[in-house]
Amino acid sequence: MICIDTNQPAYYKDLLDVAQLYFGLEQVCDTRNDCEFVLEHRFAQEGPTWTQACRLLRRGEPLRHTRRTDAAHDGTAVIVHRFRRRYAKLCLYQLLKDYFGFAPPWGGLTGIRPTKLIRQLEWEGMDFDGAIGYMRDVFDVSEGKMGLLRQIHQAQRGIYRFGDEPCYDVYVGIPFCRTRCLYCSFFSAAAGNDAQLDDYTAALCREIDAMGDYMRQQGKKVRALYVGGGTPTALGDARLEKVLAQLYTTFGHVAECTVEAGRPDTVTPDTFAMLKAAGVT
């Protein structure tokens, strides 16, 4: 059992994500006294620098500690929060890497698509090779995964050539799964009872209709639909069919429609037949 003790409660979930890279689904305690391992994190601002300090204790005895100091970032509250959170996670990651003696293939990355971070670094003015180097040097991403990132980035280049045209891609979120996967850090919950799923489906269809009105007012068209989650197929065939029908009624013909169906326990041959008939490409 582990306990995470931080003076920055807003970063608790991020620190827990890093801890689970090494401790897996170890049960988490609320108090230090009840746990075998304590992961202690402290943040302090000292003039123009941020200091993160992490300690690993076992039954009250210190095992390992690490400390990092970074230049404080200026900017909006969102930017400041992003970098403070990132440095906190990296501090804990380095501590656990040193203690356990190994690095996961994706290093200290959790909770973000790696290609999204690459794009973010490029938007901030870094070239692609520099962004790949940043992934290696800062997040400790392995050579094998960096090779995969290069392949994916090349495959996705065409997506970003459209620029600010009147075409948009629409993401539809289904935040339900049969159960929660170990690696998942997205917002998702185990699918509840039929009434809950019916209510969510009805609310989602109303929101799709409202978004259609807004986009028509703005003169925007939809190029592609992506239904993700969660696991959209966890809604059940009838509810998902209703959502897809609402999407096509609202947005008309689209060049591509994708539906995530990554959990084998949520699909049957009838599910795939329904998806094909509904227009999923």
# chains A, B, ... in the order shown; residues from 1 in each chain; ligands from 1
>>> residues_around(residues="Ala10 of chain A", least_positions_apart="2", cutoff="12 Å", atoms="only C-alpha atoms", output="list in words")
Asp5, Thr6, Asn7, Gln8, Tyr12, Lys13, Asp14, Leu15, Leu16, Phe43, His81, Arg82, Arg84, Arg85 and Ala88 of chain A
>>> closest_atom_pairs(of="segment 208-262 of chain A", to="segment 187-192 of chain A", cutoff="12 Å", atoms="only C-alpha atoms", output="tab-separated table")
residue	atom	partner	partner_atom	distance
A:Gly228	CA	A:Ser188	CA	11.0
A:Gly229	CA	A:Ser188	CA	7.3
A:Gly230	CA	A:Ser188	CA	5.4
A:Thr231	CA	A:Ser188	CA	8.7
A:Pro232	CA	A:Ala191	CA	10.4
A:Thr233	CA	A:Ala191	CA	10.7
A:Ala234	CA	A:Ala191	CA	7.0
A:Leu235	CA	A:Ala191	CA	7.7
A:Gly236	CA	A:Ala191	CA	10.2
>>> select_by_dssp(residues="segment 80-276 of chain A", states="helix (DSSP H, G or I)", output="PyMOL selection string")
chain A and resi 80-100+114-123+128-139+143-161+194-218+232-235+237-251+264-266+269-276
>>> residues_around(residues="Leu148 of chain A", least_positions_apart="6", cutoff="12 Å", atoms="only C-alpha atoms", output="PDB file with all heavy atoms, in the first residue's frame")
ATOM      1  N   PRO A 105       9.054   2.236 -21.194  1.00  0.00           N
ATOM      2  CA  PRO A 105       9.346   2.639 -22.579  1.00  0.00           C
ATOM      3  C   PRO A 105       8.973   4.086 -22.889  1.00  0.00           C
ATOM      4  O   PRO A 105       9.660   4.750 -23.664  1.00  0.00           O
ATOM      5  CB  PRO A 105       8.525   1.658 -23.420  1.00  0.00           C
ATOM      6  CG  PRO A 105       8.352   0.461 -22.547  1.00  0.00           C
ATOM      7  CD  PRO A 105       8.264   0.995 -21.145  1.00  0.00           C
ATOM      8  N   TRP A 106       7.871   4.568 -22.286  1.00  0.00           N
ATOM      9  CA  TRP A 106       7.458   5.953 -22.523  1.00  0.00           C
ATOM     10  C   TRP A 106       8.015   6.890 -21.453  1.00  0.00           C
ATOM     11  O   TRP A 106       7.579   8.030 -21.339  1.00  0.00           O
ATOM     12  CB  TRP A 106       5.934   6.066 -22.569  1.00  0.00           C
ATOM     13  CG  TRP A 106       5.337   5.526 -23.840  1.00  0.00           C
ATOM     14  CD1 TRP A 106       4.617   4.380 -23.984  1.00  0.00           C
ATOM     15  CD2 TRP A 106       5.419   6.111 -25.145  1.00  0.00           C
ATOM     16  NE1 TRP A 106       4.249   4.224 -25.301  1.00  0.00           N
ATOM     17  CE2 TRP A 106       4.726   5.273 -26.034  1.00  0.00           C
ATOM     18  CE3 TRP A 106       6.013   7.277 -25.646  1.00  0.00           C
ATOM     19  CZ2 TRP A 106       4.605   5.541 -27.392  1.00  0.00           C
ATOM     20  CZ3 TRP A 106       5.903   7.545 -26.998  1.00  0.00           C
ATOM     21  CH2 TRP A 106       5.201   6.686 -27.860  1.00  0.00           C
ATOM     22  N   PRO A 114       1.477  11.352 -26.846  1.00  0.00           N
ATOM     23  CA  PRO A 114       2.820  11.874 -27.162  1.00  0.00           C
ATOM     24  C   PRO A 114       2.836  12.751 -28.407  1.00  0.00           C
ATOM     25  O   PRO A 114       3.537  13.760 -28.438  1.00  0.00           O
ATOM     26  CB  PRO A 114       3.647  10.602 -27.359  1.00  0.00           C
ATOM     27  CG  PRO A 114       2.950   9.570 -26.534  1.00  0.00           C
ATOM     28  CD  PRO A 114       1.491   9.891 -26.645  1.00  0.00           C
ATOM     29  N   THR A 115       2.055  12.396 -29.424  1.00  0.00           N
ATOM     30  CA  THR A 115       2.053  13.211 -30.638  1.00  0.00           C
ATOM     31  C   THR A 115       1.448  14.588 -30.374  1.00  0.00           C
ATOM     32  O   THR A 115       1.829  15.564 -31.022  1.00  0.00           O
ATOM     33  CB  THR A 115       1.275  12.514 -31.765  1.00  0.00           C
ATOM     34  OG1 THR A 115      -0.003  12.082 -31.272  1.00  0.00           O
ATOM     35  CG2 THR A 115       2.032  11.288 -32.265  1.00  0.00           C
ATOM     36  N   ILE A 132      11.644  15.959 -30.695  1.00  0.00           N
ATOM     37  CA  ILE A 132      11.982  14.563 -30.409  1.00  0.00           C
ATOM     38  C   ILE A 132      13.089  14.507 -29.349  1.00  0.00           C
ATOM     39  O   ILE A 132      13.049  13.695 -28.415  1.00  0.00           O
ATOM     40  CB  ILE A 132      12.433  13.842 -31.697  1.00  0.00           C
ATOM     41  CG1 ILE A 132      11.220  13.530 -32.572  1.00  0.00           C
ATOM     42  CG2 ILE A 132      13.185  12.563 -31.372  1.00  0.00           C
ATOM     43  CD1 ILE A 132      10.334  12.421 -32.042  1.00  0.00           C
ATOM     44  N   VAL A 141      11.920   9.245 -22.904  1.00  0.00           N
ATOM     45  CA  VAL A 141      11.279   8.321 -23.840  1.00  0.00           C
ATOM     46  C   VAL A 141      12.345   7.464 -24.516  1.00  0.00           C
ATOM     47  O   VAL A 141      13.398   7.967 -24.921  1.00  0.00           O
ATOM     48  CB  VAL A 141      10.452   9.101 -24.884  1.00  0.00           C
ATOM     49  CG1 VAL A 141       9.872   8.166 -25.933  1.00  0.00           C
ATOM     50  CG2 VAL A 141       9.332   9.875 -24.187  1.00  0.00           C
ATOM     51  N   SER A 142      12.076   6.177 -24.673  1.00  0.00           N
ATOM     52  CA  SER A 142      13.059   5.245 -25.222  1.00  0.00           C
ATOM     53  C   SER A 142      13.264   5.470 -26.724  1.00  0.00           C
ATOM     54  O   SER A 142      12.417   6.054 -27.406  1.00  0.00           O
ATOM     55  CB  SER A 142      12.610   3.809 -24.986  1.00  0.00           C
ATOM     56  OG  SER A 142      11.466   3.505 -25.771  1.00  0.00           O
ATOM     57  N   GLN A 154       4.907  11.523 -39.260  1.00  0.00           N
ATOM     58  CA  GLN A 154       4.942  11.556 -40.720  1.00  0.00           C
ATOM     59  C   GLN A 154       3.569  11.208 -41.294  1.00  0.00           C
ATOM     60  O   GLN A 154       3.093  11.844 -42.237  1.00  0.00           O
ATOM     61  CB  GLN A 154       5.999  10.566 -41.238  1.00  0.00           C
ATOM     62  CG  GLN A 154       6.131  10.513 -42.751  1.00  0.00           C
ATOM     63  CD  GLN A 154       6.659  11.807 -43.345  1.00  0.00           C
ATOM     64  OE1 GLN A 154       7.375  12.553 -42.686  1.00  0.00           O
ATOM     65  NE2 GLN A 154       6.302  12.080 -44.595  1.00  0.00           N
ATOM     66  N   ALA A 155       2.919  10.194 -40.705  1.00  0.00           N
ATOM     67  CA  ALA A 155       1.616   9.769 -41.206  1.00  0.00           C
ATOM     68  C   ALA A 155       0.547  10.832 -40.997  1.00  0.00           C
ATOM     69  O   ALA A 155      -0.407  10.925 -41.771  1.00  0.00           O
ATOM     70  CB  ALA A 155       1.204   8.463 -40.515  1.00  0.00           C
TER      71      ALA A 155
END
>>> select_by_dssp(residues="segment 55-261 of chain A", states="strand (DSSP E)", output="ChimeraX atom specification")
/A:55-58,61-71,167-174,176-177,189-190,221-229,256-259
>>> residues_around(residues="segment 20-34 of chain A", least_positions_apart="5", cutoff="12 Å", atoms="only C-alpha atoms", output="PyMOL selection string")
chain A and resi 1-6+12-15+39-40+56-61+89+92-111+180-185
>>> residues_around(residues="segment 209-214 of chain A", least_positions_apart="6", cutoff="12 Å", atoms="only C-alpha atoms", output="mmCIF file with N, CA and C atoms, in the first residue's frame")
data_model
loop_
_atom_site.group_PDB
_atom_site.id
_atom_site.type_symbol
_atom_site.label_atom_id
_atom_site.label_comp_id
_atom_site.auth_asym_id
_atom_site.auth_seq_id
_atom_site.Cartn_x
_atom_site.Cartn_y
_atom_site.Cartn_z
ATOM 1 N N TYR A 168 -14.196 21.715 -39.886
ATOM 2 C CA TYR A 168 -13.790 21.321 -38.550
ATOM 3 C C TYR A 168 -13.977 19.819 -38.380
ATOM 4 N N VAL A 170 -15.040 17.043 -35.483
ATOM 5 C CA VAL A 170 -15.828 17.032 -34.252
ATOM 6 C C VAL A 170 -15.517 15.771 -33.455
ATOM 7 N N TYR A 171 -15.171 15.969 -32.179
ATOM 8 C CA TYR A 171 -14.947 14.859 -31.266
ATOM 9 C C TYR A 171 -16.172 14.717 -30.357
ATOM 10 N N VAL A 172 -16.657 13.499 -30.231
ATOM 11 C CA VAL A 172 -17.806 13.201 -29.384
ATOM 12 C C VAL A 172 -17.334 12.280 -28.266
ATOM 13 N N ALA A 202 -29.346 10.963 -24.148
ATOM 14 C CA ALA A 202 -30.308 12.024 -24.479
ATOM 15 C C ALA A 202 -29.655 13.399 -24.375
ATOM 16 N N ALA A 203 -28.870 13.626 -23.310
ATOM 17 C CA ALA A 203 -28.194 14.915 -23.145
ATOM 18 C C ALA A 203 -27.173 15.144 -24.255
ATOM 19 N N LYS A 220 -19.412 27.219 -40.536
ATOM 20 C CA LYS A 220 -18.437 26.130 -40.493
ATOM 21 C C LYS A 220 -19.082 24.812 -40.912
ATOM 22 N N LYS A 221 -18.279 23.945 -41.530
ATOM 23 C CA LYS A 221 -18.732 22.619 -41.926
ATOM 24 C C LYS A 221 -17.890 21.566 -41.213
ATOM 25 N N VAL A 222 -18.457 20.387 -41.069
ATOM 26 C CA VAL A 222 -17.752 19.287 -40.413
ATOM 27 C C VAL A 222 -17.127 18.391 -41.461
ATOM 28 N N VAL A 243 -26.930 7.969 -31.188
ATOM 29 C CA VAL A 243 -25.957 9.057 -31.239
ATOM 30 C C VAL A 243 -25.467 9.276 -32.671
ATOM 31 N N LEU A 244 -25.164 8.190 -33.367
ATOM 32 C CA LEU A 244 -24.680 8.309 -34.750
ATOM 33 C C LEU A 244 -25.749 8.898 -35.656
ATOM 34 N N ALA A 245 -26.993 8.478 -35.453
ATOM 35 C CA ALA A 245 -28.080 9.039 -36.258
ATOM 36 C C ALA A 245 -28.203 10.540 -36.025
ATOM 37 N N GLN A 246 -28.057 10.973 -34.769
ATOM 38 C CA GLN A 246 -28.119 12.398 -34.455
ATOM 39 C C GLN A 246 -26.972 13.157 -35.120
ATOM 40 N N LEU A 247 -25.781 12.562 -35.128
ATOM 41 C CA LEU A 247 -24.629 13.207 -35.758
ATOM 42 C C LEU A 247 -24.864 13.430 -37.252
ATOM 43 N N TYR A 248 -25.356 12.411 -37.940
ATOM 44 C CA TYR A 248 -25.564 12.555 -39.383
ATOM 45 C C TYR A 248 -26.749 13.463 -39.688
ATOM 46 N N THR A 249 -27.763 13.431 -38.833
ATOM 47 C CA THR A 249 -28.883 14.358 -39.020
ATOM 48 C C THR A 249 -28.418 15.803 -38.854
ATOM 49 N N THR A 250 -27.526 16.025 -37.895
ATOM 50 C CA THR A 250 -27.080 17.384 -37.578
ATOM 51 C C THR A 250 -26.037 17.883 -38.568
ATOM 52 N N PHE A 251 -25.060 17.044 -38.902
ATOM 53 C CA PHE A 251 -23.906 17.513 -39.677
ATOM 54 C C PHE A 251 -23.905 17.064 -41.128
ATOM 55 N N GLY A 252 -24.795 16.149 -41.514
ATOM 56 C CA GLY A 252 -24.855 15.708 -42.900
ATOM 57 C C GLY A 252 -23.672 14.830 -43.275
#
>>> closest_residue(among="A:Leu204, A:Cys54, A:Leu90, A:Leu240", to="Val18 of chain A", atoms="only C-alpha atoms")
A:Leu90
>>> residues_around(residues="Thr281 of chain A", least_positions_apart="2", cutoff="9 Å", atoms="only C-alpha atoms", output="list in words")
Ala255, Glu256, Cys257, Thr258, Val259, Leu275, Lys276 and Gly279 of chain A
>>> atom_distance(atom1="atom CA of His65 of chain A", atom2="atom CA of Val38 of chain A")
11.7 Å
>>> closest_residue(among="A:Asp70, A:Glu36, A:Asp198, A:Asp265", to="Lys242 of chain A", atoms="only C-alpha atoms")
A:Asp198
>>> decode(residues="segment 107-126 of chain A", atoms="N, CA and C atoms", output="short mmCIF file (atom, residue, chain, number, x, y, z; two decimals), in the first residue's frame")
data_model
loop_
_atom_site.label_atom_id
_atom_site.label_comp_id
_atom_site.auth_asym_id
_atom_site.auth_seq_id
_atom_site.Cartn_x
_atom_site.Cartn_y
_atom_site.Cartn_z
N GLY A 107 8.96 6.43 -20.66
CA GLY A 107 9.59 7.28 -19.67
C GLY A 107 8.58 7.82 -18.68
N GLY A 108 8.65 9.12 -18.43
CA GLY A 108 7.76 9.75 -17.46
C GLY A 108 6.48 10.31 -18.05
N LEU A 109 6.14 9.95 -19.29
CA LEU A 109 4.93 10.46 -19.90
C LEU A 109 3.70 9.75 -19.35
N THR A 110 2.73 10.50 -18.90
CA THR A 110 1.43 9.97 -18.52
C THR A 110 0.38 11.01 -18.87
N GLY A 111 -0.80 10.55 -19.20
CA GLY A 111 -1.94 11.45 -19.31
C GLY A 111 -1.98 12.34 -20.53
N ILE A 112 -1.13 12.11 -21.54
CA ILE A 112 -1.16 12.94 -22.74
C ILE A 112 -0.73 12.09 -23.92
N ARG A 113 -1.34 12.30 -25.06
CA ARG A 113 -0.89 11.62 -26.27
C ARG A 113 0.48 12.18 -26.65
N PRO A 114 1.48 11.35 -26.85
CA PRO A 114 2.82 11.87 -27.16
C PRO A 114 2.84 12.75 -28.41
N THR A 115 2.05 12.40 -29.42
CA THR A 115 2.05 13.21 -30.64
C THR A 115 1.45 14.59 -30.37
N LYS A 116 0.52 14.67 -29.44
CA LYS A 116 -0.04 15.98 -29.09
C LYS A 116 1.03 16.87 -28.47
N LEU A 117 1.88 16.29 -27.63
CA LEU A 117 2.95 17.06 -27.02
C LEU A 117 3.96 17.50 -28.08
N ILE A 118 4.25 16.63 -29.05
CA ILE A 118 5.15 17.01 -30.15
C ILE A 118 4.58 18.22 -30.89
N ARG A 119 3.28 18.17 -31.21
CA ARG A 119 2.66 19.30 -31.90
C ARG A 119 2.71 20.57 -31.05
N GLN A 120 2.50 20.42 -29.77
CA GLN A 120 2.53 21.57 -28.87
C GLN A 120 3.91 22.23 -28.89
N LEU A 121 4.94 21.42 -28.86
CA LEU A 121 6.31 21.95 -28.89
C LEU A 121 6.59 22.64 -30.23
N GLU A 122 6.05 22.09 -31.30
CA GLU A 122 6.24 22.72 -32.62
C GLU A 122 5.51 24.06 -32.68
N TRP A 123 4.31 24.11 -32.13
CA TRP A 123 3.57 25.39 -32.12
C TRP A 123 4.32 26.45 -31.31
N GLU A 124 5.10 25.99 -30.34
CA GLU A 124 5.87 26.93 -29.52
C GLU A 124 7.19 27.32 -30.18
N GLY A 125 7.44 26.84 -31.40
CA GLY A 125 8.61 27.27 -32.16
C GLY A 125 9.74 26.27 -32.29
N MET A 126 9.59 25.08 -31.73
CA MET A 126 10.64 24.07 -31.80
C MET A 126 10.47 23.25 -33.07
#
